[in-house]
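Trainee: One structure, pasted below without further comment.
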Amino acid sequence: MSRRDPHNPQPSVAGSPAAQSERRAAIRTARGVIAAVVAGYIVNTLLAVHSILHGAALAAFVACSAAAFVLQLAHSTRAPLTWPPRTRAITLSTQAAATLLPFAWVGPQAGALAGFLAGSLLLAVSGPWRWWLFGGVLLAVLLGQWAEGLTAVDIGYGVYFSTLTGLMIYAVSSLVSLVGMLYSARGEMAWMAVARERLRVARDLHDLLGLNLSAITLKGELAYRLLPMAVDRARQELADVLEVAHRALADMRVVAGGDQRMSMAAETETATAMLVSAGIRMTVESDLPELPETLDTVLAIVLREAVTNVLRHSKAERCVIESSVSDGQVRLLIRNDGVAEQSPTDGGSGLANLVGRLNAIGGRLTTARVDQWFELRATAPLPATEGPAPPAPGEPGAAAPAAGPWHRRAGRAITVLVLAGYGILMVVNVLPQDPPGLALLGFAACVSAAVALQVFVALHGPRRRRVGLRVAVVAAQALLIMAPLWWIGAPWGSMGGFVAGSALLLIGGGLRWLLYALVGAAVFVAAVSYGATVEWTAYLTLSTLLTGLVVFGISSLSGLVEQVDQARAELARAAVTRERLQVARQLRTRLGELLSAVSFRAQSAIRSLPAAPADARAEVAEMLDIARVAATNIRTVATGYRDMSLPAELKSAVTGLGSAGILTTVDVPDDQRPGEVDALFAVVLHEAVTNIIRHSAARTCQITIGQAGDRLRLLVTNDGTPDTAEPGAGLHDLAERLRAVGGDLTTEATNGTFRLLAELPDPGRVWKG
């Protein structure tokens, strides 16, 4: 069953009653547009055939059209990819029969329904097969019209019309899923930002607070040893403890706020004081200019971590700090004559964090043992100019790749293709009137300009433009469409469609529907004034209104896609803010009170001197106990934010796959997993999802967790095979890791489906679900 983690509920903007009501209203509007478009095409088709069909033949065609209408609405508004395969096979087969059988008694006019079937195949079939089936429908139209003896021009028009209708149905039907994504699925995207925030907290807790607590412990132990013999020096050490405790409280606020700014010069002075107070002889050689803020902060953190390691992990007597700039590189060297216990490859989280920080700014960290000296070198390029540090890829505020995500590119491409297709259709509708070459050229130029305006409106946020500009665009389109009447001498199909669509898109409130109706009325008047028949007048009016709805829906497509992306970014920022507030509360509860208690004990010990050195020594002993508890709590908080969790990874998986357009279902048991199983399965799931997004063309994914006998199982199945049949290095590493604890990892690619199965021995806590 699918479920949220009950132990870590997150407020969601998308889940509020107001947002849900807005979502339902938006989906109703999108479905209404789809229903109107499909119904309009059906009515147009019936108008075209009612004069050539009578009695039972007409009734049979109406029945087939009604069946196609109902099935098309179901495929366009009800997420058919979530249906069982058998259900989809039945509905598609029924629609295919309702579409193709009328060719037997209607003839070529029945091909008008074929575009709906082609659109349904794109909506209800996943993977590359849908495009082959789409092409198969077009081939059936071609063969059916060829068998009726139509000319090459008429056959080409029929195939083109079916292609355009199929793409239009696919694009307009996407409105419902996009609206749903905008108002609900967007909230889940915030989980990825929260995960990044947790990693940042773990890193900064270690890097920023570790040295402070080490210094408090070191100076407190020295003061304890000095009492009661050296009161004055003990008082100085306790005063230093107070200063460090205050700095630790400030650093704690920095961690919670995510806005650390540090100075290399200030950190060098602090490091020197810390090491000298520990009895380590210091040599400092610094020749640094004023550094950009980001670089200055990273190097200061590197220095702080290096000094922390000297205090914690070595028995150094001498330490050298050298910093300089040469050849556009900033170089920092910290040497000590004690053998450190940690290096980046030994698994130490502190130095590993430094590697990540330096890599992010194009720098490098190396360590080496030279004789009895341990050396840590950091290098980083000196930027020519300083600006705000860019967010890491994927973080809130980060720029999207140049080409944009796939759904944005697809939305724009379909929008341009369908709008251009309608422009071509208008030109084709004028050809039977046999206009002179120059007249046809002028007409094509006007239509091209109208299409260009419509594409601009669709892709560049029309509602954000000034009212005057929007009115000017609608007026320009009206002029471009109506002007050719002067030299064409007769109206043509879908004549006012672009003007009607732009009125809906650019004008707000109820006025847009009034203008939409006025455009239809103007076309009706034009048709009557030019002496059109009743059937042709009805066709022109209905075609204009129908095209207006299509243009409105298609032009809204790109805007909705971009709104989805913007909403994701906004909710990611909101989620990070919530996470920071939670971090602040946790740090204040676990660490703030302890650091305040350290300060209080240090002040109490100072007040006891010199009159009561024994009381001062007892206070220092209490202070040391509190400092050790604070250090333990830092490790606890950092570990809690750093360790991978299967519930959190499941949420991230659904979010990441959803953002890639992959429909995901999750089936997990309610019983809690043992800790070691939880962590291992989280790692496997992370790698599996990464491979699906990067190396497959999947449309659906199923994640199942359960038990088979004495084995616990994680199964990830998707309908897109990877680019390569061989497992990557990540999966090989996971297989080795699972085998080391008696587990197994297998992958299988068959019939377009890829399965990844991870199994572990049951450690004694059986799952049921």
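Identifiers in the structure tokens: chain A, B, ... in order shown; residue index from 1 per chain; ligand index from 1 in order shown.
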When you look at Leu715 (chain A) with a cut-off of 8 Å (counting only C-alpha atoms), what residues show up, excluding the ones that are within fewer than 5 positions of it in the same chain? I need them as a list in words.

Mentor: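 Contacts, with the query itself left out: Gln702, Ile703, Thr704, Ile705, Arg755, Leu756, Leu757 and Ala758 of chain A.
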
Trainee: Next, the residues of the selection above should be written as a compact mmCIF listing (two decimals), in the first residue's frame with C-alpha atoms.

Mentor:
```
# COMPACT_ATOMS: atom_id res chain seq x y z
CA GLN A 702 6.69 0.22 -9.40
CA ILE A 703 8.51 0.06 -6.04
CA THR A 704 7.62 -2.94 -3.86
CA ILE A 705 8.98 -3.93 -0.45
CA ARG A 755 13.60 -5.27 -12.89
CA LEU A 756 16.01 -4.70 -10.03
CA LEU A 757 15.64 -7.04 -7.05
CA ALA A 758 17.56 -6.63 -3.78
```

Trainee: Please identify all polymer residues within 6 Å of region 124-139 of chain A, counting only C-alpha atoms, omitting same-chain residues fewer than 6 positions from it, and present them as a PDB file with C-alpha atoms, in the first residue's frame.

Mentor:
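Output file selection-v9.pdb follows:
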```pdb
ATOM      1  CA  PRO A  80      -5.280   6.100 -18.543  1.00  0.00           C
ATOM      2  CA  LEU A  81      -1.654   5.107 -17.862  1.00  0.00           C
ATOM      3  CA  ALA A 118      -4.281   8.675 -32.615  1.00  0.00           C
ATOM      4  CA  VAL A 159      -3.441  12.388 -43.226  1.00  0.00           C
ATOM      5  CA  ARG A 699       7.084   6.062 -18.254  1.00  0.00           C
TER       6      ARG A 699
END
```

Trainee: Find the distance between CA of Arg711 (chain A) and CA of Gly752 (chain A) and write it in Å to one decimal.

Mentor: 27.2 Å
